[in-house]
Each structure stands twice: as C-alpha cells, then as structure tokens.
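Trainee: Sharing a structure here in structure tokens format.
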Amino acid sequence: MNTATKNLEDDHVHILRLIDVMEYIVAHEASDIAHIESIVEIIRNYADGLHHAKEEYHFFPFLATKGFSAQHGPVAVMLHEHVLGRDFVKGIAAGIELFRKGNLTALVDIHKNMKGYSDLLRSHIGKENNILFRMADNALTEADHHQLLSRFEEAEKEHASSAGSKEYILKINELTSYYEI
Ligand SMILES: [Fe+2]
Ligand SMILES: [Fe+2]
C-alpha cells in the first residue's frame with residue numbers, strides 16, 4: 001500500500017543525498033559558492049518549501065485530529081526543528097552575501113551553518129522515520145493515508161506551478177555526480 005509516511009520518507013531519501021553533498025563540502029572546505037547557493041535554493045524550495053509544507057500544513061494537522069498534540073510531544077519537537085533548520089539556512093545565505101562582497105572569511109561561517117543544518121536534519125529525519133512515522137502508521141487507517149496522499153498531490157501541483165520537485169531532485173543529482181557521492 002502506498003502510504004503518506006512512505007511518501008514523506010521518499011522525500012527524505014533525496015534530502016539526505018543533499019545532506020551528503022553538504023557534508024562533503026564542509027569536510028573538504030570546498031568553496032564553490034555557486035553550488036552552495038544552489039543548495040540554499042534546493043532547501044528553500046524543496047526540503048522546506050515542499051516537504052516541510054507537506055508535513056506542517058497537511059501531515060501534522062491531520063495527526064492532531066488523531067490525538068498528536070502540536071504543542072508538546074514529538075510533533076512539537078519536529079516543528080521546532082524545522083524552525084531551527086531555517087535559522088541555519090539564513091546563516092548560510094547571509095554568509096554567501098558577505099562572501100560575494102569579497103569577505104572570504106565568511107566561508108567559515110557558511111560551513112559552520114551547513115554543518116549545523118546537516119547534523120540537525122540527519123537527526124530530525126531519523127526521528128521522523130523511526131519514531132513519529134511509525135507511531136503515525138499505528139494511528140492512521142488506509143483511508144487516512146489516501147486522504148493525506150491526495151493532499152500531498154495538491155501541494156505538489158501548487159508547488160509545480162513554479163518548479164516541480166522533479167526539477168530539484170535533478171539538481172540534487174547534478175551535485176551528487178559532480179562530487180562523486
Ligand atoms: Fe520534518
Ligand atoms: Fe520530514
């Protein structure tokens with residue numbers, strides 16, 4: 001059966017491949033700023049813009065109707081981590097701006113924020129895949145999954161009016177092949 005949790009886990013696979021690239025760049029102190037800019041764009045439009053939107057506007061509110069509080073417990077932790085992730089991305093973007101203006105030491109800050117984002121998202125995705133989604137599977141019926149999947153499809157369509165998730169997956173593929181990951 002195709003489930004809402006499986007759909008979100010499929011997004012995680014691509015987001016984790018992007019994190020592999022980010023970790024490679026940090027570990028090798030790579031300075032290809034165009035790649036780092038592209039990573040910010042992919043996170044903002046795909047990892048956050050589509051995936052986190054699916055979770056925050058559809059999945060988590062649906063779970064709330066099944067007794068999962070958004071104020072405390074696992075969903076609250078996940079929401080808080082999405083906010084923390086956005087702060088790291090802001091840090092990366094601010095560093096890029098400084099770097100573009102000639103402040104080459106901004107690269108240290110860019111890498112620090114990329115490491116922060118990677119560590120956070122790796123652990124976040126682990127918690128969703130292994131804990132929250134398994135709890136959700138116990139609470140959701142087959143009809144619930146179908147309902148959520150059609151909402152996800154709507155979210156994808158709305159999103160696709162600018163650039164579909166496929167475009168961002170292709171961008172991730174380009175990065176992984178460039179860095180031979
Ligand atoms: Fe999440
Ligand atoms: Fe997620």
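By order in the structure tokens, chains are A, B, ...; within a chain, residues start at 1; ligands start at 1, following the order shown.
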Going by DSSP on the backbone, which bits of region 6-141 of chain A are alpha helix (DSSP H)? Write them as a ChimeraX atom specification, please.

Mentor: /A:6-27,33-42,53,60-64,74-100,106-127,133-139

Trainee: Around ligand 1, at most 8 Å away and counting only C-alpha atoms and all ligand atoms, which residues are there? Put them as a CSV table (one decimal) with N, CA, C and O atoms, in the first residue's frame, please.

Mentor:
```
chain,number,residue,atom,x,y,z
A,51,HIS,N,8.6,19.8,1.1
A,51,HIS,CA,8.5,18.7,2.1
A,51,HIS,C,8.0,19.1,3.4
A,51,HIS,O,7.1,18.6,4.0
A,52,HIS,N,8.6,20.2,4.0
A,52,HIS,CA,8.1,20.7,5.3
A,52,HIS,C,6.7,21.3,5.2
A,52,HIS,O,6.0,21.2,6.1
A,55,GLU,N,4.4,18.4,5.6
A,55,GLU,CA,4.4,18.0,7.0
A,55,GLU,C,3.6,19.0,7.8
A,55,GLU,O,2.7,18.6,8.6
A,56,GLU,N,3.9,20.3,7.6
A,56,GLU,CA,3.3,21.3,8.5
A,56,GLU,C,1.9,21.7,8.2
A,56,GLU,O,1.1,22.0,9.1
A,78,MET,N,9.3,18.3,16.2
A,78,MET,CA,9.6,18.3,14.8
A,78,MET,C,9.4,19.7,14.3
A,78,MET,O,10.2,20.2,13.5
A,79,LEU,N,8.3,20.4,14.7
A,79,LEU,CA,8.0,21.8,14.3
A,79,LEU,C,9.2,22.7,14.7
A,79,LEU,O,9.6,23.6,13.9
A,81,GLU,N,12.2,21.9,15.3
A,81,GLU,CA,13.4,21.6,14.5
A,81,GLU,C,13.4,22.2,13.1
A,81,GLU,O,14.4,22.6,12.5
A,82,HIS,N,12.2,22.3,12.5
A,82,HIS,CA,12.0,23.0,11.2
A,82,HIS,C,12.4,24.4,11.3
A,82,HIS,O,13.1,25.0,10.4
A,124,HIS,N,16.9,14.8,12.7
A,124,HIS,CA,15.4,15.1,12.5
A,124,HIS,C,14.8,14.0,11.7
A,124,HIS,O,13.7,13.4,12.0
A,125,ILE,N,15.4,13.7,10.5
A,125,ILE,CA,14.8,12.7,9.6
A,125,ILE,C,14.8,11.3,10.3
A,125,ILE,O,13.9,10.5,10.1
A,128,GLU,N,11.9,11.2,12.6
A,128,GLU,CA,10.6,11.1,11.8
A,128,GLU,C,10.5,9.6,11.3
A,128,GLU,O,9.4,9.0,11.5
```

Trainee: List the spatial neighbours of region 133-138 of chain A as a VMD selection string - criterion: any atom at most 9 Å away, only C-alpha atoms, same-chain residues fewer than 2 positions off excluded.

Mentor: chain A and resid 3 to 6 9 63 66 68 127 to 131 140 to 141 145

Trainee: Selected residues, N, CA, C and O atoms, written as a CSV table (one decimal), in the first residue's frame, please.

Mentor:
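In the end it all went to out_2.csv:
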```csv
chain,number,residue,atom,x,y,z
A,3,THR,N,1.6,4.7,1.2
A,3,THR,CA,1.2,5.5,2.4
A,3,THR,C,1.7,6.9,2.4
A,3,THR,O,2.7,7.2,1.7
A,4,ALA,N,1.1,7.7,3.2
A,4,ALA,CA,1.6,9.1,3.4
A,4,ALA,C,3.0,9.1,4.0
A,4,ALA,O,3.8,9.9,3.6
A,5,THR,N,3.2,8.2,4.9
A,5,THR,CA,4.5,8.2,5.6
A,5,THR,C,5.6,7.7,4.6
A,5,THR,O,6.7,8.3,4.6
A,6,LYS,N,5.2,6.8,3.7
A,6,LYS,CA,6.2,6.3,2.7
A,6,LYS,C,6.5,7.5,1.7
A,6,LYS,O,7.7,7.7,1.3
A,9,GLU,N,8.9,9.7,3.4
A,9,GLU,CA,10.2,9.0,3.5
A,9,GLU,C,10.9,9.1,2.2
A,9,GLU,O,12.2,9.2,2.2
A,63,LEU,N,-2.5,14.6,12.0
A,63,LEU,CA,-2.1,13.8,13.2
A,63,LEU,C,-2.7,14.4,14.5
A,63,LEU,O,-3.1,13.6,15.4
A,66,LYS,N,-5.8,13.0,15.4
A,66,LYS,CA,-5.7,11.6,16.0
A,66,LYS,C,-5.1,11.7,17.4
A,66,LYS,O,-4.6,10.6,17.9
A,68,PHE,N,-2.3,13.6,18.4
A,68,PHE,CA,-0.9,14.0,18.5
A,68,PHE,C,-0.9,15.5,18.7
A,68,PHE,O,-1.2,16.3,17.7
A,127,LYS,N,14.5,10.7,13.4
A,127,LYS,CA,13.4,10.7,14.4
A,127,LYS,C,12.0,10.5,13.7
A,127,LYS,O,11.2,9.8,14.2
A,128,GLU,N,11.9,11.2,12.6
A,128,GLU,CA,10.6,11.1,11.8
A,128,GLU,C,10.5,9.6,11.3
A,128,GLU,O,9.4,9.0,11.5
A,129,ASN,N,11.5,9.2,10.6
A,129,ASN,CA,11.4,7.8,10.0
A,129,ASN,C,11.2,6.7,11.0
A,129,ASN,O,10.4,5.8,10.9
A,130,ASN,N,12.0,6.8,12.1
A,130,ASN,CA,12.0,5.7,13.1
A,130,ASN,C,11.0,5.8,14.2
A,130,ASN,O,10.5,4.7,14.7
A,131,ILE,N,10.6,7.0,14.6
A,131,ILE,CA,9.7,7.1,15.7
A,131,ILE,C,8.3,7.7,15.3
A,131,ILE,O,7.3,7.0,15.3
A,140,LEU,N,-3.0,5.8,11.8
A,140,LEU,CA,-3.7,6.1,10.6
A,140,LEU,C,-4.4,4.9,9.9
A,140,LEU,O,-3.7,3.8,9.9
A,141,THR,N,-5.6,5.1,9.4
A,141,THR,CA,-6.2,4.0,8.6
A,141,THR,C,-5.8,4.1,7.2
A,141,THR,O,-5.2,5.1,6.8
A,145,HIS,N,-4.5,7.5,5.0
A,145,HIS,CA,-3.3,7.6,4.1
A,145,HIS,C,-3.7,8.1,2.8
A,145,HIS,O,-3.1,9.0,2.2
```

Trainee: List as CSV every residue of region 98-155 of chain A that is in contact with region 26-43 of chain A, defined as an atom at most 9 Å from one of its atoms (using only C-alpha atoms), together with the nearest atom pair and the distance in Å rounded to one decimal, sorted by chain and then rising number.

Mentor:
```
residue,atom,partner,partner_atom,distance
A:Phe99,CA,A:Ile33,CA,8.3
A:Arg100,CA,A:Ile33,CA,8.4
A:Leu107,CA,A:Ser31,CA,7.2
A:Val108,CA,A:Glu29,CA,8.5
A:Ile110,CA,A:Ile36,CA,8.7
A:His111,CA,A:Val26,CA,5.4
A:Lys112,CA,A:Val26,CA,8.0
A:Met114,CA,A:Val26,CA,7.1
A:Lys115,CA,A:Val26,CA,6.7
```

Trainee: For the residues in that selection, give me C-alpha atoms as a short mmCIF file (atom, residue, chain, number, x, y, z; two decimals), in the first residue's frame.

Mentor:
```
data_model
loop_
_atom_site.label_atom_id
_atom_site.label_comp_id
_atom_site.auth_asym_id
_atom_site.auth_seq_id
_atom_site.Cartn_x
_atom_site.Cartn_y
_atom_site.Cartn_z
CA PHE A 99 31.42 36.12 0.55
CA ARG A 100 30.09 37.60 -2.70
CA LEU A 107 33.23 30.79 4.21
CA VAL A 108 33.98 29.60 7.76
CA ILE A 110 28.88 29.24 5.78
CA HIS A 111 30.48 25.87 6.56
CA LYS A 112 29.54 26.13 10.24
CA MET A 114 25.97 23.93 6.71
CA LYS A 115 27.32 21.54 9.36
#
```

Trainee: May I ask which of the residues A:Phe59, A:Val77, A:Val13, A:Tyr46 is the closest one to Gln147 (chain A), counting only C-alpha atoms?

Mentor: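 Of A:Phe59, A:Val77, A:Val13, A:Tyr46, the one nearest Gln147 (chain A) is A:Phe59, counting only C-alpha atoms.
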
Trainee: Quick one: residues within 12 Å of Glu174 (chain A), only C-alpha atoms counted, chain neighbours fewer than 3 positions away excluded, as a VMD selection string?

Mentor: chain A and resid 17 to 18 21 35 38 to 39 42 167 to 171 177 to 181

Trainee: Those selected residues, please, written with all heavy atoms and delivered as a compact mmCIF listing (two decimals), in the first residue's frame.

Mentor:
```txt
# COMPACT_ATOMS: atom_id res chain seq x y z
N ARG A 17 20.47 12.86 0.48
CA ARG A 17 21.51 12.91 -0.55
C ARG A 17 22.07 14.33 -0.64
O ARG A 17 23.26 14.54 -0.85
CB ARG A 17 20.97 12.45 -1.91
CG ARG A 17 20.68 10.95 -1.94
CD ARG A 17 20.51 10.41 -3.35
NE ARG A 17 19.48 11.13 -4.07
CZ ARG A 17 19.70 11.81 -5.19
NH1 ARG A 17 20.91 11.87 -5.72
NH2 ARG A 17 18.71 12.43 -5.80
N LEU A 18 21.18 15.32 -0.45
CA LEU A 18 21.64 16.71 -0.44
C LEU A 18 22.53 16.95 0.78
O LEU A 18 23.55 17.65 0.69
CB LEU A 18 20.43 17.66 -0.42
CG LEU A 18 20.76 19.15 -0.49
CD1 LEU A 18 21.35 19.51 -1.86
CD2 LEU A 18 19.52 20.00 -0.22
N VAL A 21 25.99 15.80 0.22
CA VAL A 21 26.76 16.80 -0.54
C VAL A 21 27.24 17.91 0.41
O VAL A 21 28.40 18.32 0.37
CB VAL A 21 25.90 17.42 -1.68
CG1 VAL A 21 26.63 18.60 -2.34
CG2 VAL A 21 25.54 16.37 -2.73
N HIS A 35 27.58 26.38 -6.03
CA HIS A 35 26.98 25.13 -5.56
C HIS A 35 26.26 25.36 -4.23
O HIS A 35 25.18 24.83 -4.00
CB HIS A 35 28.05 24.04 -5.38
CG HIS A 35 28.49 23.45 -6.67
ND1 HIS A 35 29.61 22.64 -6.78
CD2 HIS A 35 27.98 23.54 -7.92
CE1 HIS A 35 29.76 22.27 -8.04
NE2 HIS A 35 28.79 22.80 -8.76
N SER A 38 23.10 27.07 -4.83
CA SER A 38 22.13 26.12 -5.37
C SER A 38 21.54 25.26 -4.25
O SER A 38 20.33 24.97 -4.23
CB SER A 38 22.84 25.27 -6.43
OG SER A 38 22.04 24.22 -6.82
N ILE A 39 22.38 24.88 -3.27
CA ILE A 39 21.91 24.08 -2.13
C ILE A 39 20.85 24.87 -1.34
O ILE A 39 19.81 24.33 -0.97
CB ILE A 39 23.11 23.67 -1.24
CG1 ILE A 39 23.93 22.59 -1.96
CG2 ILE A 39 22.63 23.18 0.14
CD1 ILE A 39 25.30 22.33 -1.35
N ILE A 42 17.67 24.80 -3.25
CA ILE A 42 17.01 23.48 -3.17
C ILE A 42 16.34 23.31 -1.80
O ILE A 42 15.21 22.83 -1.70
CB ILE A 42 18.02 22.33 -3.45
CG1 ILE A 42 18.58 22.42 -4.87
CG2 ILE A 42 17.35 20.97 -3.23
CD1 ILE A 42 19.81 21.55 -5.12
N GLU A 167 12.39 18.86 -10.65
CA GLU A 167 13.48 19.76 -11.04
C GLU A 167 14.54 19.82 -9.94
O GLU A 167 15.74 19.85 -10.21
CB GLU A 167 12.91 21.15 -11.32
CG GLU A 167 13.98 22.11 -11.80
CD GLU A 167 13.43 23.51 -12.07
OE1 GLU A 167 12.27 23.62 -12.50
OE2 GLU A 167 14.19 24.47 -11.83
N TYR A 168 14.08 19.84 -8.69
CA TYR A 168 15.03 19.93 -7.57
C TYR A 168 15.76 18.61 -7.36
O TYR A 168 16.93 18.59 -6.99
CB TYR A 168 14.31 20.42 -6.31
CG TYR A 168 13.87 21.84 -6.50
CD1 TYR A 168 12.53 22.16 -6.72
CD2 TYR A 168 14.81 22.87 -6.56
CE1 TYR A 168 12.15 23.47 -6.96
CE2 TYR A 168 14.45 24.17 -6.80
CZ TYR A 168 13.10 24.47 -7.01
OH TYR A 168 12.75 25.77 -7.27
N ILE A 169 15.06 17.51 -7.61
CA ILE A 169 15.72 16.20 -7.49
C ILE A 169 16.83 16.11 -8.54
O ILE A 169 17.93 15.61 -8.27
CB ILE A 169 14.68 15.05 -7.62
CG1 ILE A 169 13.76 15.08 -6.39
CG2 ILE A 169 15.37 13.70 -7.77
CD1 ILE A 169 12.51 14.22 -6.51
N LEU A 170 16.56 16.64 -9.74
CA LEU A 170 17.59 16.65 -10.78
C LEU A 170 18.79 17.50 -10.35
O LEU A 170 19.94 17.14 -10.61
CB LEU A 170 17.02 17.21 -12.10
CG LEU A 170 16.09 16.27 -12.87
CD1 LEU A 170 15.56 16.97 -14.12
CD2 LEU A 170 16.82 14.98 -13.27
N LYS A 171 18.51 18.62 -9.70
CA LYS A 171 19.59 19.47 -9.21
C LYS A 171 20.44 18.73 -8.17
O LYS A 171 21.66 18.87 -8.12
CB LYS A 171 19.04 20.77 -8.60
CG LYS A 171 18.61 21.80 -9.63
CD LYS A 171 18.03 23.02 -8.93
CE LYS A 171 17.26 23.93 -9.85
NZ LYS A 171 18.07 24.98 -10.45
N SER A 177 26.57 13.88 -8.53
CA SER A 177 27.51 13.35 -9.53
C SER A 177 28.75 14.23 -9.64
O SER A 177 29.84 13.70 -9.83
CB SER A 177 26.85 13.07 -10.88
OG SER A 177 26.11 14.15 -11.30
N TYR A 178 28.60 15.55 -9.47
CA TYR A 178 29.77 16.43 -9.51
C TYR A 178 30.76 16.05 -8.41
O TYR A 178 31.97 15.96 -8.63
CB TYR A 178 29.35 17.90 -9.34
CG TYR A 178 30.51 18.86 -9.37
CD1 TYR A 178 30.96 19.39 -10.59
CD2 TYR A 178 31.18 19.22 -8.19
CE1 TYR A 178 32.04 20.27 -10.61
CE2 TYR A 178 32.26 20.08 -8.22
CZ TYR A 178 32.69 20.61 -9.43
OH TYR A 178 33.77 21.47 -9.45
N TYR A 179 30.23 15.82 -7.19
CA TYR A 179 31.12 15.49 -6.06
C TYR A 179 31.38 13.99 -5.93
O TYR A 179 32.01 13.54 -4.99
CB TYR A 179 30.54 16.06 -4.75
CG TYR A 179 30.65 17.56 -4.70
CD1 TYR A 179 29.53 18.37 -4.95
CD2 TYR A 179 31.85 18.20 -4.44
CE1 TYR A 179 29.63 19.77 -4.92
CE2 TYR A 179 31.96 19.58 -4.42
CZ TYR A 179 30.84 20.36 -4.66
OH TYR A 179 30.96 21.73 -4.65
N GLU A 180 30.87 13.23 -6.89
CA GLU A 180 31.04 11.77 -6.95
C GLU A 180 30.63 11.11 -5.62
O GLU A 180 31.39 10.36 -5.01
CB GLU A 180 32.49 11.40 -7.32
CG GLU A 180 32.82 11.85 -8.75
CD GLU A 180 34.27 11.58 -9.15
OE1 GLU A 180 35.06 11.24 -8.25
OE2 GLU A 180 34.57 11.71 -10.34
N ILE A 181 29.42 11.46 -5.19
CA ILE A 181 28.90 10.91 -3.92
C ILE A 181 27.92 9.79 -4.25
O ILE A 181 27.04 9.97 -5.08
CB ILE A 181 28.23 12.03 -3.09
CG1 ILE A 181 29.31 12.98 -2.58
CG2 ILE A 181 27.45 11.45 -1.92
CD1 ILE A 181 28.78 14.29 -2.06
```

Trainee: Measure the distance from CA of Leu120 (chain A) to CA of Arg44 (chain A) in Å and round it to one decimal.

Mentor: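 Separation of CA of Leu120 (chain A) and CA of Arg44 (chain A): 15.7 Å.
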
Trainee: In terms of the shortest atom-to-atom distance over only C-alpha atoms and all ligand atoms, which of A:Asn113, A:Ser123, A:Ser165, A:Gln71 is closest to ligand 2?

Mentor: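 Selected residue with least distance to ligand 2: A:Ser123.
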
Trainee: Which value, in Å to one decimal, gives the distance between CA of Val83 (chain A) and CA of Tyr117 (chain A)?

Mentor: 11.0 Å

Trainee: Could you list, as a list in words, every residue within 9 Å of Lys54 (chain A), counting only C-alpha atoms and ignoring same-chain residues fewer than 3 positions away?

Mentor: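 Once the adjacent positions are removed, what remains is Leu8, Gly49, Leu50, His51, Tyr57, His58, Phe59, Phe60, Arg151, Phe152, Ala155 and Glu156 of chain A.
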
Trainee: Keeping only N, CA and C atoms, write the selected residues to a file as a compact mmCIF listing (two decimals), in the first residue's frame.

Mentor:
```
# COMPACT_ATOMS: atom_id res chain seq x y z
N LEU A 8 6.51 10.69 2.42
CA LEU A 8 7.43 11.62 3.10
C LEU A 8 8.83 11.01 3.22
N GLY A 49 10.29 24.19 1.28
CA GLY A 49 9.15 24.68 0.51
C GLY A 49 8.12 23.63 0.19
N LEU A 50 8.54 22.43 -0.12
CA LEU A 50 7.56 21.39 -0.42
C LEU A 50 7.44 20.37 0.72
N HIS A 51 8.56 19.75 1.09
CA HIS A 51 8.49 18.66 2.07
C HIS A 51 7.98 19.14 3.44
N TYR A 57 1.52 21.66 6.90
CA TYR A 57 0.15 22.06 6.53
C TYR A 57 -0.80 20.87 6.41
N HIS A 58 -0.28 19.69 6.21
CA HIS A 58 -1.16 18.54 5.99
C HIS A 58 -0.96 17.41 7.01
N PHE A 59 0.27 16.90 7.07
CA PHE A 59 0.52 15.70 7.88
C PHE A 59 0.34 15.95 9.39
N PHE A 60 1.03 16.94 9.93
CA PHE A 60 0.96 17.19 11.37
C PHE A 60 -0.47 17.60 11.80
N ARG A 151 -3.88 15.10 -0.60
CA ARG A 151 -3.49 16.46 -0.20
C ARG A 151 -2.05 16.75 -0.60
N PHE A 152 -1.19 15.75 -0.43
CA PHE A 152 0.21 15.92 -0.83
C PHE A 152 0.30 16.21 -2.33
N ALA A 155 -0.53 19.70 -2.95
CA ALA A 155 0.60 20.55 -2.55
C ALA A 155 1.67 20.52 -3.64
N GLU A 156 1.91 19.35 -4.18
CA GLU A 156 2.91 19.18 -5.23
C GLU A 156 2.50 19.96 -6.48
```
